[in-house]
2 protein chains.
Amino acid sequence: MKHERKNFADRLWAAVEAKHTAAVVGIDPHLDLLPSEYDDARDLRLARSIRAKRMGDFCCALIDVVAPLVPAVKPQSAFFEALGADGAVQWERVLLHARERSLLVIGDVKRGDIQSTARAYAAAFLEGAGDQSGAVCDAVTLSPFLGGDSIEPFLEVCARTNSGLFILVRTSNPGSSDFQRHGSPELSFQIAERVARWGERLIGECGLSAVGAVVGATHAGELADFRARMPRSLFLLPGYGAQGASAGELGAAFVRGLQGALVNSSRGISCAYKEERYSALPWREAARSATVAMIADLASIDGSS
Amino acid sequence: MKHERKNFADRLWAAVEAKHTAAVVGIDPHLDLLPSEYDDARDLRLARSIRAKRMGDFCCALIDVVAPLVPAVKPQSAFFEALGADGAVQWERVLLHARERSLLVIGDVKRGDIQSTARAYAAAFLEGAGDQSGAVCDAVTLSPFLGGDSIEPFLEVCARTNSGLFILVRTSNPGSSDFQRHGSPELSFQIAERVARWGERLIGECGLSAVGAVVGATHAGELADFRARMPRSLFLLPGYGAQGASAGELGAAFVRGLQGALVNSSRGISCAYKEERYSALPWREAARSATVAMIADLASIDGSS
């Protein structure tokens, strides 16, 4: 029974321990970037359900490639929503497939809404979409913009189902400075302090909380500042690889060895076949090689802050 | 052809003119709050597809009640997502139904993500979810938390399809002050200034922009400040009725007569049958009466700022 499972932070700790890596693979099935094997997914002459099915086929194949290597995957809901109701069918299929492969699933949904609406989102993504299929995420990303009462329903559901949250604190994109750096102390630091407080009631046996933070790996110089404000929060670090950050800069985000933070790569893995160094390989081999290379790169990290 | 239609601000202006009201009805099908006629929607013994269908039936019936009275409806995606892929089917059905009833559709989705992902969301909600069904919104709500590059793809799609945006500037919930008031000037004012700038390239013949702002009606005392910072932006005002604001306080949001702002009521309409004063009425009559009462209340507004 999913409700008897352990705190998300403990489950993640065990999974990182088992796979010896903090690498997470993002499942961002942008139709234009799929390997040619999946040309059907972008063929507008085909029914949307068929196109969505092929997109889902790709996601499941990618999951099969990385499942032996990493503790978690992070599907991005937007690319499923782009195919409407047919994409939603594939979203559920992909969540189930990843869970069958014993991967933790971090739903990258970045939702944020008023309390009654937040309850509906929490039910949708963490409790199961109105059925018993098990197509749920182990954790989701959330936007904190609406404030504490928009997060509260998710905290309640996390306590009940031992799910996790990664709250946007500082995103990896260039525009993140537009509003996230506003004020003094800057908004991101204020959010970080709230994330730490929200997490206090969901601390696992490992000492970390199921309430984590998204902090862009592109802001490597600030990771120590964020870690100081959120000593017990899991960090999810997007922006590694394609967006520019390297492993050597990320140590401050970790709390012990490879624990306390996850490093995500999306296109760096799924689009590896487009890179020169992997261009002789079929896409699956390219993705596997890129994942192995990422894991080797991250192995040099030794968090001990 | 949808791409030949006029600027969203002009379409909204004409619709408000035609219906003589700035009232918008929110379509928030919270299963626990549906009339007893729709008990099947919450009967967990039934297949999720059947439950979702009944939820969709309610939404379509509500749309039929309010379509002669108001210019637009605002479906809230969370309540559809709560029923997973079956809910997504109903989301598309409800969008189509509203458009068939000649209502403008504001998708309350509050998305906000990095650029490549924002492109997928813009395609999903404004260009059509990978098919030609026409199940699109005329406008969507967006969160600005990730900054300018997260909004840019939506501006491009709006220019191409004459769609509109309502960007969260100050939300109606109590927690909105947690982060939106951060800094000096407060974050919401900084966002307001950016919204005004983003809107400059999408100004319609009516003089207003297709890039609007969500400002909670619960912050009535600040509406004049926000209007001063966003003189040409459409305002979407949630928080009327159930959340506490009254029409007399909202005048500063409008630019001429009833133009320039929309006032949303969700539960105040769909749950009117639960109110004492309408308790003798079937739910449809209660919703109609509540809509008529809201329109009468708003008629006293005469924006002339």
# chains A, B, ... in the order shown; residues from 1 in each chain; ligands from 1
>>> interface_residues(of="chain A", to="chain B", cutoff="6 Å", atoms="only C-alpha atoms", output="compact mmCIF listing (two decimals) with N, CA and C atoms, in the first residue's frame")
# COMPACT_ATOMS: atom_id res chain seq x y z
N ALA A 78 4.08 19.68 -19.29
CA ALA A 78 3.69 20.55 -20.41
C ALA A 78 3.71 19.81 -21.75
N PHE A 79 4.70 18.94 -21.92
CA PHE A 79 4.83 18.29 -23.23
C PHE A 79 3.74 17.25 -23.44
N GLU A 81 0.62 17.79 -21.96
CA GLU A 81 -0.55 18.66 -22.12
C GLU A 81 -0.64 19.22 -23.54
N ALA A 82 0.51 19.36 -24.18
CA ALA A 82 0.51 19.88 -25.55
C ALA A 82 -0.24 18.96 -26.51
N LEU A 83 -0.49 17.73 -26.10
CA LEU A 83 -1.29 16.83 -26.92
C LEU A 83 -2.66 16.57 -26.28
N GLY A 84 -3.08 17.49 -25.43
CA GLY A 84 -4.44 17.47 -24.91
C GLY A 84 -4.79 16.20 -24.18
N ALA A 85 -6.03 15.77 -24.30
CA ALA A 85 -6.51 14.60 -23.56
C ALA A 85 -5.72 13.36 -23.95
N ALA A 88 -2.68 13.40 -21.96
CA ALA A 88 -2.94 13.06 -20.56
C ALA A 88 -2.97 11.55 -20.35
N VAL A 89 -3.47 10.83 -21.33
CA VAL A 89 -3.46 9.36 -21.27
C VAL A 89 -2.01 8.87 -21.20
N ALA A 120 -7.23 20.34 -5.23
CA ALA A 120 -7.53 19.54 -6.42
C ALA A 120 -6.24 19.11 -7.11
N TYR A 121 -5.27 20.01 -7.19
CA TYR A 121 -3.99 19.65 -7.82
C TYR A 121 -3.26 18.59 -7.00
N ALA A 124 -4.80 15.39 -7.69
CA ALA A 124 -4.51 14.94 -9.05
C ALA A 124 -3.14 14.29 -9.15
N ALA A 129 -5.47 10.28 -9.70
CA ALA A 129 -6.45 11.09 -10.41
C ALA A 129 -7.82 10.41 -10.39
N GLY A 130 -8.39 10.31 -9.20
CA GLY A 130 -9.76 9.83 -9.10
C GLY A 130 -9.92 8.35 -9.36
N LEU A 146 1.84 32.17 -4.85
CA LEU A 146 0.59 32.53 -4.17
C LEU A 146 0.68 32.50 -2.65
N GLY A 147 1.80 32.01 -2.12
CA GLY A 147 1.99 32.08 -0.67
C GLY A 147 1.63 30.81 0.06
N GLY A 148 1.74 30.91 1.39
CA GLY A 148 1.63 29.74 2.25
C GLY A 148 0.34 28.96 2.11
N ASP A 149 -0.78 29.65 1.95
CA ASP A 149 -2.04 28.89 1.89
C ASP A 149 -2.18 28.10 0.59
N GLY A 175 15.69 34.56 -17.05
CA GLY A 175 14.68 35.48 -16.53
C GLY A 175 14.40 35.33 -15.05
N SER A 176 15.01 34.33 -14.42
CA SER A 176 14.74 34.11 -13.00
C SER A 176 15.09 35.33 -12.16
N ASP A 178 14.43 38.36 -12.86
CA ASP A 178 13.45 39.45 -13.01
C ASP A 178 12.68 39.70 -11.71
N GLY A 183 13.88 42.80 -4.14
CA GLY A 183 13.90 43.13 -2.72
C GLY A 183 15.22 42.83 -2.06
>>> select_by_dssp(residues="range 56-245 of chain A", states="alpha helix (DSSP H)", output="PyMOL selection string")
chain A and resi 56-66+77-81+84-100+115-122+148-161+176-180+187-199+223-229
>>> closest_residue(among="B:Ala299, B:Asp39, B:Arg227, B:Ser265", to="Val16 in chain B", atoms="only C-alpha atoms")
B:Ala299
>>> closest_residue(among="A:Ala210, A:Ile269, A:Leu104, A:Val255", to="Pro231 in chain A", atoms="only C-alpha atoms")
A:Val255
>>> closest_residue(among="A:Gly260, A:Pro71, A:Gly134, A:Gly26", to="Cys59 in chain A", atoms="only C-alpha atoms")
A:Gly26
>>> atom_distance(atom1="CA of Asn7 in chain A", atom2="CA of Val25 in chain A")
21.7 Å
>>> select_by_dssp(residues="range 257-292 of chain B", states="strand (DSSP E)", output="list in words")
Ala261, Leu262, Val263, Asn264 and Ser265 of chain B
>>> write_last_selection(atoms="N, CA and C atoms", output="PDB file, in the first residue's frame")
ATOM      1  N   ALA B 261     -12.186  45.818 -17.169  1.00  0.00           N
ATOM      2  CA  ALA B 261     -11.998  44.821 -16.107  1.00  0.00           C
ATOM      3  C   ALA B 261     -13.122  43.792 -16.159  1.00  0.00           C
ATOM      4  N   LEU B 262     -12.799  42.605 -15.719  1.00  0.00           N
ATOM      5  CA  LEU B 262     -13.777  41.529 -15.594  1.00  0.00           C
ATOM      6  C   LEU B 262     -13.843  41.127 -14.134  1.00  0.00           C
ATOM      7  N   VAL B 263     -15.034  40.869 -13.673  1.00  0.00           N
ATOM      8  CA  VAL B 263     -15.214  40.446 -12.282  1.00  0.00           C
ATOM      9  C   VAL B 263     -15.668  38.994 -12.305  1.00  0.00           C
ATOM     10  N   ASN B 264     -14.909  38.145 -11.625  1.00  0.00           N
ATOM     11  CA  ASN B 264     -15.229  36.714 -11.663  1.00  0.00           C
ATOM     12  C   ASN B 264     -15.938  36.262 -10.400  1.00  0.00           C
ATOM     13  N   SER B 265     -16.928  35.412 -10.589  1.00  0.00           N
ATOM     14  CA  SER B 265     -17.515  34.681  -9.462  1.00  0.00           C
ATOM     15  C   SER B 265     -17.611  33.216  -9.854  1.00  0.00           C
TER      16      SER B 265
END
>>> atom_distance(atom1="CA of Gly248 in chain B", atom2="CA of Val214 in chain B")
18.7 Å
>>> closest_residue(among="A:Val195, A:Ala98, A:Ala61, A:Ala41", to="Leu142 in chain A", atoms="only C-alpha atoms")
A:Val195
